[in-house]
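As provided, data.cif (mmCIF, C-alpha atoms and all ligand atoms) reads as follows.
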```
data_input
#
loop_
_atom_site.label_atom_id
_atom_site.label_comp_id
_atom_site.auth_asym_id
_atom_site.auth_seq_id
_atom_site.Cartn_x
_atom_site.Cartn_y
_atom_site.Cartn_z
CA MET A 1 126.21 -235.00 98.47
CA LYS A 2 126.48 -231.23 98.03
CA GLU A 3 125.67 -230.67 101.71
CA PHE A 4 128.54 -232.93 102.74
CA TRP A 5 131.06 -230.85 100.81
CA THR A 6 129.58 -227.58 102.12
CA ALA A 7 129.56 -228.77 105.73
CA THR A 8 133.18 -229.92 105.57
CA ARG A 9 134.55 -227.02 103.50
CA SER A 10 136.16 -224.98 106.24
CA LEU A 11 137.98 -227.97 107.81
CA ARG A 12 139.12 -229.14 104.38
CA ARG A 13 140.50 -225.68 103.62
CA LYS A 14 142.33 -225.65 106.97
CA TYR A 15 143.77 -229.09 106.21
CA ASN A 16 144.91 -227.98 102.75
CA ARG A 17 146.69 -224.88 104.11
CA LEU A 18 148.55 -227.10 106.58
CA TRP A 19 149.31 -229.64 103.85
CA LEU A 20 150.97 -226.91 101.81
CA ALA A 21 152.93 -225.64 104.84
CA ASP A 22 153.98 -229.21 105.78
CA HIS A 23 155.15 -229.76 102.19
CA ALA A 24 157.13 -226.48 102.18
CA ALA A 25 158.78 -227.27 105.53
CA ARG A 26 159.68 -230.76 104.43
CA THR A 27 161.14 -229.47 101.17
CA VAL A 28 163.49 -227.26 103.18
CA VAL A 29 164.45 -229.42 106.19
CA ARG A 30 163.84 -232.88 104.56
CA ARG A 31 162.05 -234.38 107.56
CA GLU A 32 158.76 -234.16 109.42
CA THR A 33 158.10 -231.07 111.53
CA TRP A 34 155.40 -230.02 114.02
CA LEU A 35 153.31 -229.10 110.97
CA THR A 36 152.84 -232.80 110.21
CA ALA A 37 151.30 -233.47 113.62
CA ARG A 38 149.14 -230.36 113.31
CA ARG A 39 147.95 -231.44 109.82
CA LEU A 40 147.09 -234.93 111.08
CA ARG A 41 145.07 -233.47 113.97
CA VAL A 42 142.97 -231.50 111.48
CA HIS A 43 142.59 -234.69 109.41
CA GLU A 44 141.20 -236.43 112.52
CA GLU A 45 138.77 -233.56 113.08
CA ALA A 46 137.64 -233.81 109.44
CA VAL A 47 137.13 -237.58 109.78
CA SER A 48 135.08 -237.14 112.98
CA LEU A 49 132.90 -234.54 111.29
CA ALA A 50 132.34 -236.78 108.23
CA LEU A 51 131.37 -239.76 110.42
CA ARG A 52 129.00 -237.59 112.43
CA LEU A 53 127.36 -236.14 109.31
CA ASN A 54 126.83 -239.62 107.94
CA GLU A 55 125.46 -240.91 111.24
CA GLU A 56 123.07 -237.97 111.67
CA GLY A 57 122.01 -237.70 108.03
CA THR A 58 121.42 -241.23 106.86
CA GLY A 59 122.05 -243.53 109.81
CA SER A 60 125.52 -244.51 108.65
CA THR A 61 124.84 -245.80 105.17
CA ASP A 62 127.37 -246.13 102.39
CA GLN A 63 127.68 -242.79 100.57
CA ARG A 64 129.28 -244.36 97.50
CA ARG A 65 127.12 -244.63 94.37
CA PRO A 66 127.55 -246.76 91.24
CA VAL A 67 129.44 -244.98 88.47
CA ASP A 68 127.14 -244.24 85.47
CA ARG A 69 127.36 -246.86 82.69
CA VAL A 70 126.75 -245.41 79.23
CA HIS A 71 126.74 -246.96 75.75
CA ASP A 72 128.09 -245.36 72.55
CA ILE A 73 128.65 -241.92 74.04
CA ASP A 74 130.16 -239.44 71.59
CA PRO A 75 133.16 -237.28 72.55
CA GLN A 76 131.14 -234.05 72.89
CA ASP A 77 128.57 -235.69 75.14
CA PHE A 78 131.36 -237.23 77.23
CA GLN A 79 133.05 -233.83 77.50
CA ASP A 80 129.89 -232.03 78.58
CA ARG A 81 128.43 -234.57 80.98
CA TYR A 82 131.47 -236.15 82.63
CA PHE A 83 134.81 -234.62 81.70
CA ALA A 84 133.75 -231.01 82.41
CA THR A 85 132.48 -231.97 85.86
CA ASP A 86 135.32 -234.36 86.83
CA THR A 87 132.79 -237.19 87.13
CA PRO A 88 133.81 -240.80 86.43
CA VAL A 89 131.84 -242.82 83.90
CA VAL A 90 132.02 -246.33 82.44
CA MET A 91 131.78 -246.45 78.66
CA ALA A 92 130.39 -249.95 78.50
CA GLY A 93 131.92 -252.19 75.85
CA ALA A 94 133.69 -249.26 74.12
CA GLY A 95 136.78 -251.41 73.48
CA ALA A 96 135.08 -254.77 73.00
CA SER A 97 135.91 -254.97 69.29
CA TRP A 98 139.48 -253.64 69.35
CA PRO A 99 142.20 -256.20 68.46
CA ALA A 100 143.48 -255.96 72.06
CA ALA A 101 140.29 -257.72 73.17
CA ASN A 102 142.00 -260.90 71.91
CA TRP A 103 145.04 -260.54 74.17
CA THR A 104 145.55 -263.35 76.65
CA HIS A 105 148.12 -263.59 79.42
CA GLU A 106 149.51 -266.76 77.82
CA MET A 107 150.07 -264.91 74.55
CA LEU A 108 151.67 -261.85 76.20
CA GLY A 109 153.73 -264.04 78.55
CA SER A 110 155.12 -265.95 75.61
CA ARG A 111 155.62 -262.99 73.24
CA TYR A 112 157.29 -260.82 75.91
CA ARG A 113 158.95 -263.57 77.92
CA GLN A 114 162.20 -261.57 78.17
CA THR A 115 160.60 -258.20 78.93
CA ALA A 116 160.76 -257.30 82.62
CA VAL A 117 158.77 -254.98 84.82
CA ARG A 118 159.61 -253.73 88.33
CA LEU A 119 157.02 -255.08 90.78
CA LEU A 120 155.78 -252.44 93.18
CA ARG A 121 154.52 -252.89 96.70
CA ALA A 122 151.30 -251.02 96.26
CA ALA A 123 148.50 -253.28 97.56
CA PRO A 124 146.32 -251.93 100.38
CA ASN A 125 147.98 -252.63 103.75
CA GLU A 126 151.25 -253.65 102.09
CA PRO A 127 154.24 -251.87 103.64
CA LYS A 128 156.08 -249.80 101.03
CA GLY A 129 159.54 -251.06 100.17
CA ARG A 130 162.55 -248.82 100.69
CA PRO A 131 163.98 -247.20 97.54
CA GLY A 132 165.55 -249.81 95.26
CA GLU A 133 163.99 -252.78 97.07
CA GLY A 134 161.57 -253.69 94.26
CA ARG A 135 162.34 -256.69 92.08
CA ASP A 136 161.94 -257.30 88.38
CA ALA A 137 159.72 -260.03 86.94
CA THR A 138 159.37 -261.05 83.31
CA TYR A 139 155.99 -261.30 81.62
CA ALA A 140 156.56 -265.06 81.36
CA GLU A 141 156.82 -265.22 85.17
CA ILE A 142 153.74 -263.06 85.63
CA ALA A 143 151.69 -265.21 83.22
CA GLU A 144 152.80 -268.34 85.11
CA SER A 145 151.87 -266.75 88.43
CA MET A 146 148.40 -265.96 87.03
CA ASP A 147 147.92 -269.62 86.16
CA SER A 148 149.05 -270.88 89.52
CA GLY A 149 147.05 -268.43 91.70
CA GLY A 150 150.14 -266.38 92.59
CA ASP A 151 150.11 -262.73 93.60
CA MET A 152 152.47 -261.22 91.01
CA TYR A 153 151.01 -258.01 89.62
CA ALA A 154 152.55 -255.77 86.95
CA ARG A 155 151.18 -252.28 87.67
CA PHE A 156 151.62 -249.07 85.66
CA SER A 157 154.02 -250.93 83.36
CA GLY A 158 155.55 -249.12 80.38
CA ILE A 159 155.43 -252.22 78.13
CA MET A 160 153.24 -250.51 75.55
CA HIS A 161 155.97 -247.92 75.01
CA GLN A 162 158.71 -250.57 74.99
CA HIS A 163 156.69 -252.59 72.44
CA PRO A 164 154.60 -250.02 70.53
CA GLU A 165 152.98 -252.72 68.38
CA LEU A 166 150.71 -253.22 71.41
CA ILE A 167 149.41 -249.67 70.97
CA ASP A 168 148.32 -250.61 67.44
CA ASP A 169 145.87 -253.07 69.03
CA VAL A 170 143.78 -250.32 70.63
CA ASP A 171 141.88 -247.53 68.89
CA VAL A 172 144.24 -244.66 69.68
CA ASP A 173 142.05 -242.20 67.75
CA TRP A 174 139.11 -243.06 70.01
CA PHE A 175 141.16 -242.19 73.12
CA ARG A 176 142.48 -238.98 71.56
CA ALA A 177 139.01 -237.90 70.48
CA MET A 178 137.73 -238.22 74.05
CA ARG A 179 140.19 -235.76 75.55
CA ASP A 180 139.75 -232.03 75.11
CA ASP A 181 142.93 -231.69 73.04
CA HIS A 182 145.44 -234.15 71.66
CA LYS A 183 148.59 -232.10 71.53
CA SER A 184 150.22 -232.55 74.90
CA PHE A 185 151.72 -235.52 76.76
CA GLU A 186 150.13 -238.98 76.59
CA ASN A 187 151.15 -242.21 78.29
CA TRP A 188 150.03 -245.84 78.42
CA GLY A 189 150.18 -247.78 81.69
CA PHE A 190 149.71 -251.54 81.54
CA PHE A 191 148.38 -253.89 84.24
CA MET A 192 148.49 -257.69 84.31
CA GLY A 193 148.09 -259.94 87.33
CA GLY A 194 146.29 -262.75 89.11
CA ALA A 195 143.00 -263.03 90.94
CA LYS A 196 142.79 -261.22 94.30
CA THR A 197 145.55 -258.74 93.46
CA ALA A 198 144.82 -255.11 94.31
CA THR A 199 146.17 -251.57 94.23
CA GLY A 200 145.86 -249.29 97.27
CA LEU A 201 144.26 -245.85 97.41
CA HIS A 202 146.12 -243.21 95.37
CA CYS A 203 145.72 -240.40 92.85
CA SER A 204 147.72 -238.41 90.33
CA ILE A 205 147.39 -235.32 88.19
CA ALA A 206 146.84 -237.27 84.96
CA PRO A 207 143.25 -238.14 83.99
CA ASN A 208 142.88 -241.71 82.82
CA LEU A 209 140.77 -243.61 80.30
CA PHE A 210 141.17 -247.12 81.67
CA TYR A 211 140.49 -250.00 79.27
CA GLN A 212 139.59 -253.35 80.86
CA VAL A 213 140.90 -255.96 78.43
CA THR A 214 140.32 -259.28 80.23
CA GLY A 215 138.89 -260.29 83.61
CA ARG A 216 136.98 -258.05 86.03
CA LYS A 217 137.96 -255.17 88.27
CA ARG A 218 136.28 -253.26 91.07
CA TRP A 219 137.12 -249.56 91.48
CA TRP A 220 136.34 -247.33 94.46
CA ILE A 221 136.63 -243.67 93.43
CA TYR A 222 136.38 -240.36 95.33
CA PRO A 223 136.63 -236.75 94.16
CA ALA A 224 139.92 -234.89 94.58
CA ALA A 225 138.33 -232.86 97.39
CA ALA A 226 138.35 -236.00 99.58
CA ALA A 227 142.12 -235.76 100.25
CA PRO A 228 141.79 -234.33 103.81
CA PHE A 229 139.87 -237.48 104.84
CA PHE A 230 142.63 -239.75 103.54
CA ALA A 231 145.67 -237.77 104.78
CA PRO A 232 148.28 -238.74 102.19
CA PRO A 233 151.82 -238.54 103.61
CA ALA A 234 153.52 -235.23 102.70
CA LYS A 235 156.56 -236.70 100.99
CA CYS A 236 157.18 -234.05 98.33
CA SER A 237 156.28 -236.65 95.70
CA PRO A 238 154.15 -236.02 92.58
CA TYR A 239 152.30 -239.27 93.34
CA PHE A 240 149.82 -239.32 96.24
CA TYR A 241 148.74 -242.38 98.21
CA SER A 242 146.89 -243.11 101.44
CA GLU A 243 147.00 -245.86 104.06
CA VAL A 244 143.19 -245.97 104.18
CA ASP A 245 141.80 -249.23 102.78
CA VAL A 246 138.45 -248.16 101.33
CA SER A 247 137.43 -251.78 100.70
CA ASP A 248 137.33 -252.37 104.47
CA THR A 249 134.60 -250.13 105.87
CA GLU A 250 134.60 -251.94 109.24
CA LYS A 251 138.16 -250.87 109.88
CA TRP A 252 137.89 -247.58 107.96
CA PRO A 253 134.29 -246.24 108.35
CA ILE A 254 135.47 -242.99 106.72
CA ALA A 255 135.50 -244.94 103.43
CA ARG A 256 131.71 -245.13 103.38
CA SER A 257 131.09 -241.70 104.94
CA VAL A 258 132.68 -239.68 102.13
CA PRO A 259 130.54 -239.47 98.96
CA GLY A 260 132.25 -241.38 96.15
CA TRP A 261 131.59 -244.00 93.52
CA ILE A 262 131.98 -247.73 92.84
CA ALA A 263 132.50 -249.27 89.39
CA ASP A 264 132.66 -252.94 88.39
CA LEU A 265 134.45 -253.29 85.08
CA GLU A 266 133.84 -256.07 82.55
CA PRO A 267 136.06 -256.90 79.56
CA GLY A 268 135.72 -254.21 76.88
CA ASP A 269 134.66 -251.42 79.28
CA VAL A 270 136.52 -248.10 79.43
CA LEU A 271 136.39 -246.13 82.69
CA TYR A 272 137.10 -242.40 82.89
CA VAL A 273 139.03 -241.44 86.05
CA PRO A 274 139.32 -237.64 86.49
CA ALA A 275 142.53 -235.80 87.48
CA PHE A 276 143.38 -236.26 91.17
CA ALA A 277 140.34 -238.52 91.77
CA TRP A 278 141.27 -240.92 94.58
CA HIS A 279 140.94 -244.57 93.60
CA GLN A 280 141.57 -248.08 94.89
CA VAL A 281 141.27 -251.24 92.79
CA PHE A 282 140.61 -254.95 93.40
CA ASN A 283 140.82 -257.76 90.83
CA PRO A 284 138.34 -260.57 91.67
CA THR A 285 139.71 -262.49 88.66
CA ALA A 286 143.01 -262.60 86.80
CA THR A 287 143.12 -259.53 84.59
CA ILE A 288 144.79 -257.49 81.85
CA ALA A 289 144.12 -253.77 81.42
CA THR A 290 145.66 -250.60 80.10
CA GLY A 291 145.24 -246.94 81.06
CA TYR A 292 145.60 -244.02 78.65
CA ARG A 293 146.73 -240.93 80.54
CA TRP A 294 147.34 -237.39 79.54
CA ALA A 295 148.24 -234.32 81.54
CA LYS A 296 147.40 -230.66 81.41
CA LEU A 297 148.02 -228.25 84.24
CA GLY A 298 144.60 -226.65 83.77
CA LEU A 299 142.83 -229.96 84.44
CA GLY A 300 144.87 -230.55 87.59
CA TRP A 301 144.15 -227.01 88.76
CA ARG A 302 140.41 -227.43 88.16
CA ALA A 303 140.31 -230.62 90.23
CA SER A 304 142.73 -229.59 93.00
CA PRO A 305 144.74 -226.34 93.02
CA ILE A 306 146.65 -227.47 96.14
CA GLN A 307 147.76 -230.77 94.65
CA THR A 308 148.76 -229.03 91.41
CA ILE A 309 151.05 -226.75 93.44
CA LEU A 310 152.45 -229.79 95.31
CA VAL A 311 153.20 -231.49 91.97
CA LEU A 312 154.83 -228.41 90.44
CA THR A 313 157.10 -227.98 93.47
CA CYS A 314 157.81 -231.66 94.15
CA SER A 315 161.39 -232.71 94.93
CA ASN A 316 161.01 -236.47 95.52
CA PRO A 317 161.82 -236.71 92.67
CA SER A 318 161.74 -233.36 90.88
CA LEU A 319 159.70 -233.30 87.68
CA PHE A 320 162.96 -232.90 85.78
CA LYS A 321 164.41 -236.13 87.26
CA ALA A 322 161.11 -237.98 86.82
CA ARG A 323 161.29 -237.41 83.06
CA GLY A 324 164.47 -239.51 82.87
CA HIS A 325 162.78 -242.74 84.05
CA LYS A 326 161.69 -245.37 81.57
CA ASP A 327 158.42 -246.07 83.35
CA LEU A 328 156.47 -245.36 86.51
CA PRO A 329 157.35 -248.62 88.36
CA SER A 330 161.09 -247.98 88.06
CA LEU A 331 160.59 -244.35 89.09
CA LEU A 332 158.49 -245.18 92.14
CA ASP A 333 160.91 -247.89 93.19
CA ALA A 334 163.81 -245.43 93.02
CA VAL A 335 162.37 -242.86 95.45
CA ASP A 336 160.94 -242.80 98.95
CA TYR A 337 157.46 -241.80 97.79
O1 LIG B 401 144.25 -251.62 88.05
C1 LIG B 401 144.94 -251.32 89.01
O2 LIG B 401 145.39 -252.16 89.80
C2 LIG B 401 145.23 -249.88 89.30
C3 LIG B 401 144.84 -248.94 88.20
C4 LIG B 401 145.15 -247.54 88.56
O3 LIG B 401 145.23 -247.21 89.71
C5 LIG B 401 145.38 -246.52 87.58
O4 LIG B 401 145.32 -246.79 86.37
O5 LIG B 401 145.65 -245.37 87.99
#
```
What would you get if you wrote out this structure as structure tokens?
Ligand SMILES: O=C(O)CCC(=O)C(=O)O
Amino acid sequence: MKEFWTATRSLRRKYNRLWLADHAARTVVRRETWLTARRLRVHEEAVSLALRLNEEGTGSTDQRRPVDRVHDIDPQDFQDRYFATDTPVVMAGAGASWPAANWTHEMLGSRYRQTAVRLLRAAPNEPKGRPGEGRDATYAEIAESMDSGGDMYARFSGIMHQHPELIDDVDVDWFRAMRDDHKSFENWGFFMGGAKTATGLHCSIAPNLFYQVTGRKRWWIYPAAAAPFFAPPAKCSPYFYSEVDVSDTEKWPIARSVPGWIADLEPGDVLYVPAFAWHQVFNPTATIATGYRWAKLGLGWRASPIQTILVLTCSNPSLFKARGHKDLPSLLDAVDY
């Protein structure tokens, strides 16, 4: 794994310099420039090199490894073994006895039948909508869709902030103890949807402790350093996504050539996703989950200095404007991200 990152370092650095330049040019002229084409050529070179290294080294095997599963890890051990090295880990069954483990989609659909969430187009291969094209759905509609095999999926919803009694159903102190401080920003994202729903490859500055409440979920995860192989569009946005579908290695062989991880979550598991780690998610069953996020510039910088600079200087929207939005779905739907 180490050799892969050493062998690709110089091309990744070249890509990152061009990414920054592309971002700066786009901030000024508000459209693509020659720098975009130049950046994408270096991305193609990086992909070719990664495929060749995989072919020569291991005969084209899958370089993704299962995420460690640990039981009853204490905060210090978590900090030293996983958090400090930006390595994902599944804390098996950590939330199995929290009151939230009794949530069902029927119960949430009935209790929050009037509460609405903006549905995002964020599945792999799904064309992004234009700003403002998203539509709202109520939790009653989402629960019904889950029963009837529909594809409605509430992602990154702010419902736990709209209805803070939901936060009382998880062990907030457990989450706070796991992070290295508990003074700065924290945010809960909520996910509820039917079998076969999915979220495409993306990453953000905020590390995440992701609690699987019901159903199962598969995660594909890559370190922040993998960005040059995924070529996220330079859209001056603080949120990064890629068109690569890492679940389809026939179409996208780069997905198995870059060292990463795979995790299969069961109800009660909590997964740690480091800052700027790329991830894609598939729900083989209907599912409910919630992610506890926090943000600290130092963590972003440790994982990816370039992406931290891109976030700090983003204009689509600016960080100041982003603060005014009630939740991430409404924010993402409002901008051309
Ligand atoms: O569960 C999902 O569909 C996506 C979760 C995710 O990407 C996140 O919490 O950042």
Shortest interatomic distance to ligand LIG 401 (chain B) - which of A:Tyr292, A:Trp174, A:Tyr82, A:Trp301, counting only C-alpha atoms and all ligand atoms: A:Tyr292
Exercise answer, 6 Å around ligand LIG 401 (chain B) with only C-alpha atoms and all ligand atoms, as a ChimeraX atom specification: /A:198-199,281,291
Residues within 12 Å of (140.5, -260.3, 86.6), file coords, all atoms listed in the file, listed as a PyMOL selection string: chain A and resi 104-105+146-147+149+153+191-198+212-218+264-267+281-289
Take the residues that were just selected and, keeping C-alpha atoms, output them as a short mmCIF file (atom, residue, chain, number, x, y, z; two decimals), keeping the file's coordinate frame.
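This went into selection_25.cif:
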```cif
data_model
loop_
_atom_site.label_atom_id
_atom_site.label_comp_id
_atom_site.auth_asym_id
_atom_site.auth_seq_id
_atom_site.Cartn_x
_atom_site.Cartn_y
_atom_site.Cartn_z
CA THR A 104 145.55 -263.35 76.65
CA HIS A 105 148.12 -263.59 79.42
CA MET A 146 148.40 -265.96 87.03
CA ASP A 147 147.92 -269.62 86.16
CA GLY A 149 147.05 -268.43 91.70
CA TYR A 153 151.01 -258.01 89.62
CA PHE A 191 148.38 -253.89 84.24
CA MET A 192 148.49 -257.69 84.31
CA GLY A 193 148.09 -259.94 87.33
CA GLY A 194 146.29 -262.75 89.11
CA ALA A 195 143.00 -263.03 90.94
CA LYS A 196 142.79 -261.22 94.30
CA THR A 197 145.55 -258.74 93.46
CA ALA A 198 144.82 -255.11 94.31
CA GLN A 212 139.59 -253.35 80.86
CA VAL A 213 140.90 -255.96 78.43
CA THR A 214 140.32 -259.28 80.23
CA GLY A 215 138.89 -260.29 83.61
CA ARG A 216 136.98 -258.05 86.03
CA LYS A 217 137.96 -255.17 88.27
CA ARG A 218 136.28 -253.26 91.07
CA ASP A 264 132.66 -252.94 88.39
CA LEU A 265 134.45 -253.29 85.08
CA GLU A 266 133.84 -256.07 82.55
CA PRO A 267 136.06 -256.90 79.56
CA VAL A 281 141.27 -251.24 92.79
CA PHE A 282 140.61 -254.95 93.40
CA ASN A 283 140.82 -257.76 90.83
CA PRO A 284 138.34 -260.57 91.67
CA THR A 285 139.71 -262.49 88.66
CA ALA A 286 143.01 -262.60 86.80
CA THR A 287 143.12 -259.53 84.59
CA ILE A 288 144.79 -257.49 81.85
CA ALA A 289 144.12 -253.77 81.42
#
```
Among listed residues A:Val172, A:Val42, A:Ala206, A:Leu332, nearest Ser237 in chain A (using only C-alpha atoms): A:Leu332
Nearest candidate to Asp333 in chain A (options A:Lys296, A:Lys321, A:Arg155, A:Arg135; using all atoms listed in the file): A:Arg135
Selected residue of minimal separation from Gln76 in chain A among A:Leu312, A:Asp327, A:Met178, A:Asp151, counting all atoms listed in the file: A:Met178
Selected residue of minimal separation from Arg81 in chain A among A:His163, A:Tyr272, A:Ala227, A:Pro127, counting all atoms listed in the file: A:Tyr272
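As for CA of Lys2 in chain A and CA of Gly59 in chain A, they are spaced 17.6 Å apart.
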Atom pair CA of Pro88 in chain A / CA of Pro75 in chain A: separation (Å): 14.3 Å
Box centre and edge lengths (Å, one decimal), axis-aligned, range 305-309 of chain A plus 5 Å each side, as JSON:
```
{"center_x": 147.9, "center_y": -228.6, "center_z": 93.8, "size_x": 16.3, "size_y": 14.4, "size_z": 14.7}
```
For range 14-26 of chain A: contacts at 6 Å, only C-alpha atoms, fewer than 5 positions along chain excluded, given as a ChimeraX atom specification: /A:31,35-36,39,42,234
For the selection you just gave me, I'd like the residues written to a file as a PDB file, in the frame of the given file, keeping C-alpha atoms.
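Written out: again_26.pdb:
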```
ATOM      1  CA  ARG A  31     162.050-234.380 107.560  1.00  0.00           C
ATOM      2  CA  LEU A  35     153.310-229.100 110.970  1.00  0.00           C
ATOM      3  CA  THR A  36     152.840-232.800 110.210  1.00  0.00           C
ATOM      4  CA  ARG A  39     147.950-231.440 109.820  1.00  0.00           C
ATOM      5  CA  VAL A  42     142.970-231.500 111.480  1.00  0.00           C
ATOM      6  CA  ALA A 234     153.520-235.230 102.700  1.00  0.00           C
TER       7      ALA A 234
END
```
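Excluding Val246 in chain A itself and any same-chain residue fewer than 5 positions from it, the protein and nucleic acid residues within 8 Å of it, counting only C-alpha atoms, are A:Leu201, A:Trp220, A:Trp252, A:Ala255, A:Arg256, A:Gln280.
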Distance in Å - CA of Glu56 in chain A versus CA of Gly200 in chain A: 29.2 Å
Pick from A:Pro232, A:Pro253, A:Gly95, A:Gly260, whichever lies nearest to Gln63 in chain A using only C-alpha atoms: A:Gly260
Surrounding residues of Ala275 in chain A excluding itself and chain neighbours under 4 positions, 7 Å, only C-alpha atoms, as a PyMOL selection string: chain A and resi 204-207+299-300+303
May I have the selected residues written with C-alpha atoms, as a PDB file, keeping the file's coordinate frame?
```pdb
ATOM      1  CA  SER A 204     147.720-238.410  90.330  1.00  0.00           C
ATOM      2  CA  ILE A 205     147.390-235.320  88.190  1.00  0.00           C
ATOM      3  CA  ALA A 206     146.840-237.270  84.960  1.00  0.00           C
ATOM      4  CA  PRO A 207     143.250-238.140  83.990  1.00  0.00           C
ATOM      5  CA  LEU A 299     142.830-229.960  84.440  1.00  0.00           C
ATOM      6  CA  GLY A 300     144.870-230.550  87.590  1.00  0.00           C
ATOM      7  CA  ALA A 303     140.310-230.620  90.230  1.00  0.00           C
TER       8      ALA A 303
END
```
Contacts of range 109-117 of chain A within 6 Å, all atoms listed in the file, excl. fewer than 3 positions in-chain, as an MDAnalysis selection string: chainID A and resid 105:106 136:140 143
Selection near Pro99 in chain A, 8 Å with all atoms listed in the file, sequence-local residues under 2 positions removed, as a ChimeraX atom specification: /A:97,101-103,169-170
Save out the residues we just selected, C-alpha atoms, as an mmCIF file, keeping the file's coordinate frame.
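Generated output (out_11.cif):
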```
data_model
loop_
_atom_site.group_PDB
_atom_site.id
_atom_site.type_symbol
_atom_site.label_atom_id
_atom_site.label_comp_id
_atom_site.auth_asym_id
_atom_site.auth_seq_id
_atom_site.Cartn_x
_atom_site.Cartn_y
_atom_site.Cartn_z
ATOM 1 C CA SER A 97 135.910 -254.970 69.290
ATOM 2 C CA ALA A 101 140.290 -257.720 73.170
ATOM 3 C CA ASN A 102 142.000 -260.900 71.910
ATOM 4 C CA TRP A 103 145.040 -260.540 74.170
ATOM 5 C CA ASP A 169 145.870 -253.070 69.030
ATOM 6 C CA VAL A 170 143.780 -250.320 70.630
#
```
Provide range 279-290 of chain A rebuilt to N, CA and C atoms, formatted as a short mmCIF file (atom, residue, chain, number, x, y, z; two decimals), keeping the file's coordinate frame.
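Just written: rebuild11.cif:
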```cif
data_model
loop_
_atom_site.label_atom_id
_atom_site.label_comp_id
_atom_site.auth_asym_id
_atom_site.auth_seq_id
_atom_site.Cartn_x
_atom_site.Cartn_y
_atom_site.Cartn_z
N HIS A 279 141.50 -243.28 94.01
CA HIS A 279 140.94 -244.57 93.60
C HIS A 279 141.73 -245.74 94.17
N GLN A 280 141.00 -246.81 94.42
CA GLN A 280 141.57 -248.08 94.89
C GLN A 280 140.94 -249.17 94.02
N VAL A 281 141.71 -250.26 93.78
CA VAL A 281 141.27 -251.24 92.79
C VAL A 281 141.47 -252.66 93.31
N PHE A 282 140.50 -253.54 93.02
CA PHE A 282 140.61 -254.95 93.40
C PHE A 282 140.25 -255.81 92.18
N ASN A 283 141.06 -256.85 91.95
CA ASN A 283 140.82 -257.76 90.83
C ASN A 283 140.22 -259.06 91.35
N PRO A 284 138.90 -259.29 91.20
CA PRO A 284 138.34 -260.57 91.67
C PRO A 284 138.79 -261.74 90.80
N THR A 285 139.21 -261.44 89.56
CA THR A 285 139.71 -262.49 88.66
C THR A 285 141.08 -262.06 88.15
N ALA A 286 141.78 -262.99 87.49
CA ALA A 286 143.01 -262.60 86.80
C ALA A 286 142.62 -261.57 85.73
N THR A 287 143.52 -260.66 85.44
CA THR A 287 143.12 -259.53 84.59
C THR A 287 144.26 -258.90 83.80
N ILE A 288 143.88 -258.33 82.66
CA ILE A 288 144.79 -257.49 81.85
C ILE A 288 144.05 -256.19 81.58
N ALA A 289 144.76 -255.06 81.68
CA ALA A 289 144.12 -253.77 81.42
C ALA A 289 145.17 -252.75 81.02
N THR A 290 144.71 -251.67 80.42
CA THR A 290 145.66 -250.60 80.10
C THR A 290 145.00 -249.24 80.31
#
```
